[in-house]
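Structure first, then comments.
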Amino acid sequence: MVASIPLVAFLAKIEHGCLILRDAGSDSDVSGWDPTSSSWYREGSSLIFSVQPGVDGPVECEVWKSASPVMLPEKLFEASLPCPSGWLVLHDANDHVRMQFLGLRDSVICSVMVDDPQFPSKVQILLGAEDG
């Protein structure tokens, strides 16, 4: 059964054009990311990825623990994220936008779907359990 509403949804201007998804207990440093060479980067229990910068307008974001009823057309990336606390935090670089929600304990597969792979203004984060 597909859930009809996302875990988290927001519309916000993202000042530095990136969102960070991490385990709530993570102290992983994603400052080594080079956005000119990759649209996303993972270090330890943290992921950082590009979105449309705030000067170009707001970003619409949804987090799902299932598939969205209406999926965005492009997959930006899919990665495994350690989640030892069982809680995830989604935030921008300045913490102007910050959401904490129940994730999946141990490890979670994160798929990020977007409307435009270069400058996403719509983002869907799909969370799933690792097989095994």
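To be explicit about the labels: the chains of the structure tokens are called A, B, and onward in the order shown, and within each one the residues are counted from 1, while ligands get numbers from 1 in the order they are shown.
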
- Message: Which residues are close to Ile20 of chain A, i.e. within 10 Å by only C-alpha atoms, leaving aside same-chain residues fewer than 5 positions away? Reply as a PyMOL selection string.
- Response: chain A and resi 30+40-42+46-50+89-93+95+98

The selected residues should be written to file as an mmCIF file, in the first residue's frame (atoms: N, CA and C atoms).
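Dumped to result_26.cif:
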```
data_model
loop_
_atom_site.group_PDB
_atom_site.id
_atom_site.type_symbol
_atom_site.label_atom_id
_atom_site.label_comp_id
_atom_site.auth_asym_id
_atom_site.auth_seq_id
_atom_site.Cartn_x
_atom_site.Cartn_y
_atom_site.Cartn_z
ATOM 1 N N VAL A 30 30.517 16.889 5.772
ATOM 2 C CA VAL A 30 30.309 16.862 4.323
ATOM 3 C C VAL A 30 30.951 18.065 3.626
ATOM 4 N N TRP A 40 25.963 15.227 -5.690
ATOM 5 C CA TRP A 40 25.735 14.734 -4.333
ATOM 6 C C TRP A 40 27.022 14.141 -3.781
ATOM 7 N N TYR A 41 27.022 13.932 -2.454
ATOM 8 C CA TYR A 41 28.221 13.415 -1.771
ATOM 9 C C TYR A 41 27.772 12.780 -0.458
ATOM 10 N N ARG A 42 28.398 11.652 -0.101
ATOM 11 C CA ARG A 42 28.112 11.001 1.180
ATOM 12 C C ARG A 42 29.398 10.857 1.955
ATOM 13 N N SER A 46 26.031 10.978 6.618
ATOM 14 C CA SER A 46 25.482 12.225 6.080
ATOM 15 C C SER A 46 25.557 12.253 4.567
ATOM 16 N N LEU A 47 24.499 12.785 3.952
ATOM 17 C CA LEU A 47 24.431 13.015 2.505
ATOM 18 C C LEU A 47 24.195 14.501 2.269
ATOM 19 N N ILE A 48 24.837 15.057 1.261
ATOM 20 C CA ILE A 48 24.560 16.431 0.848
ATOM 21 C C ILE A 48 24.290 16.399 -0.648
ATOM 22 N N PHE A 49 23.336 17.196 -1.111
ATOM 23 C CA PHE A 49 23.022 17.212 -2.538
ATOM 24 C C PHE A 49 22.532 18.585 -2.976
ATOM 25 N N SER A 50 22.693 18.838 -4.276
ATOM 26 C CA SER A 50 22.348 20.131 -4.876
ATOM 27 C C SER A 50 20.852 20.283 -5.077
ATOM 28 N N VAL A 89 17.601 13.632 10.025
ATOM 29 C CA VAL A 89 17.453 15.082 10.017
ATOM 30 C C VAL A 89 17.686 15.553 8.585
ATOM 31 N N LEU A 90 16.796 16.393 8.093
ATOM 32 C CA LEU A 90 16.940 17.036 6.787
ATOM 33 C C LEU A 90 17.046 18.529 7.042
ATOM 34 N N HIS A 91 18.120 19.136 6.537
ATOM 35 C CA HIS A 91 18.299 20.571 6.793
ATOM 36 C C HIS A 91 19.121 21.218 5.693
ATOM 37 N N ASP A 92 19.093 22.545 5.671
ATOM 38 C CA ASP A 92 19.952 23.289 4.760
ATOM 39 C C ASP A 92 21.252 23.622 5.501
ATOM 40 N N ALA A 93 22.203 24.209 4.795
ATOM 41 C CA ALA A 93 23.523 24.470 5.374
ATOM 42 C C ALA A 93 23.484 25.447 6.552
ATOM 43 N N ASP A 95 20.766 25.777 8.611
ATOM 44 C CA ASP A 95 19.728 25.336 9.538
ATOM 45 C C ASP A 95 18.515 26.261 9.577
ATOM 46 N N ARG A 98 14.906 22.910 8.937
ATOM 47 C CA ARG A 98 15.389 21.753 9.701
ATOM 48 C C ARG A 98 14.197 20.900 10.111
#
```

- Message: Applying 12 Å and only C-alpha atoms, which residues near Val8 of chain A remain after dropping the ones on its own chain fewer than 5 positions away? List them as a PyMOL selection string.
- Response: chain A and resi 60-65+88-91+97-103+123-127

Write out, as an mmCIF file, in the first residue's frame, the residues just selected, with C-alpha atoms.
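Generated output (again-v1.cif):
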```cif
data_model
loop_
_atom_site.group_PDB
_atom_site.id
_atom_site.type_symbol
_atom_site.label_atom_id
_atom_site.label_comp_id
_atom_site.auth_asym_id
_atom_site.auth_seq_id
_atom_site.Cartn_x
_atom_site.Cartn_y
_atom_site.Cartn_z
ATOM 1 C CA GLU A 60 9.532 22.027 -2.892
ATOM 2 C CA CYS A 61 10.642 18.953 -0.952
ATOM 3 C CA GLU A 62 8.877 15.768 0.176
ATOM 4 C CA VAL A 63 10.168 12.795 2.181
ATOM 5 C CA TRP A 64 8.409 9.449 1.707
ATOM 6 C CA LYS A 65 8.782 6.040 3.373
ATOM 7 C CA LEU A 88 16.950 11.336 10.316
ATOM 8 C CA VAL A 89 17.453 15.082 10.017
ATOM 9 C CA LEU A 90 16.940 17.036 6.787
ATOM 10 C CA HIS A 91 18.299 20.571 6.793
ATOM 11 C CA VAL A 97 15.116 24.682 7.289
ATOM 12 C CA ARG A 98 15.389 21.753 9.701
ATOM 13 C CA MET A 99 13.138 18.707 9.986
ATOM 14 C CA GLN A 100 13.716 15.644 12.168
ATOM 15 C CA PHE A 101 11.716 12.463 11.636
ATOM 16 C CA LEU A 102 11.727 8.746 12.324
ATOM 17 C CA GLY A 103 13.873 6.930 9.769
ATOM 18 C CA VAL A 123 12.706 17.009 -4.712
ATOM 19 C CA GLN A 124 11.343 13.696 -3.469
ATOM 20 C CA ILE A 125 13.411 11.731 -0.968
ATOM 21 C CA LEU A 126 12.306 8.101 -0.899
ATOM 22 C CA LEU A 127 13.405 6.046 2.108
#
```

- Could you give me, as a count of residues only, the residues within 10 Å of Gln52 of chain A, counting only C-alpha atoms and dropping anything in the same chain fewer than 2 positions from it? 23

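You can rank A:Asp23, A:Ser66, A:Ala12, A:Ser38 by their closest distance to Pro53 of chain A using only C-alpha atoms, and at the top of that list sits A:Ala12.
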
- Residue list (strand (DSSP E), DSSP) for segment 38-132 of chain A, as a PyMOL selection string: chain A and resi 40-43+46-50+59-64+74-83+87-92+98-102+106-114+122-129
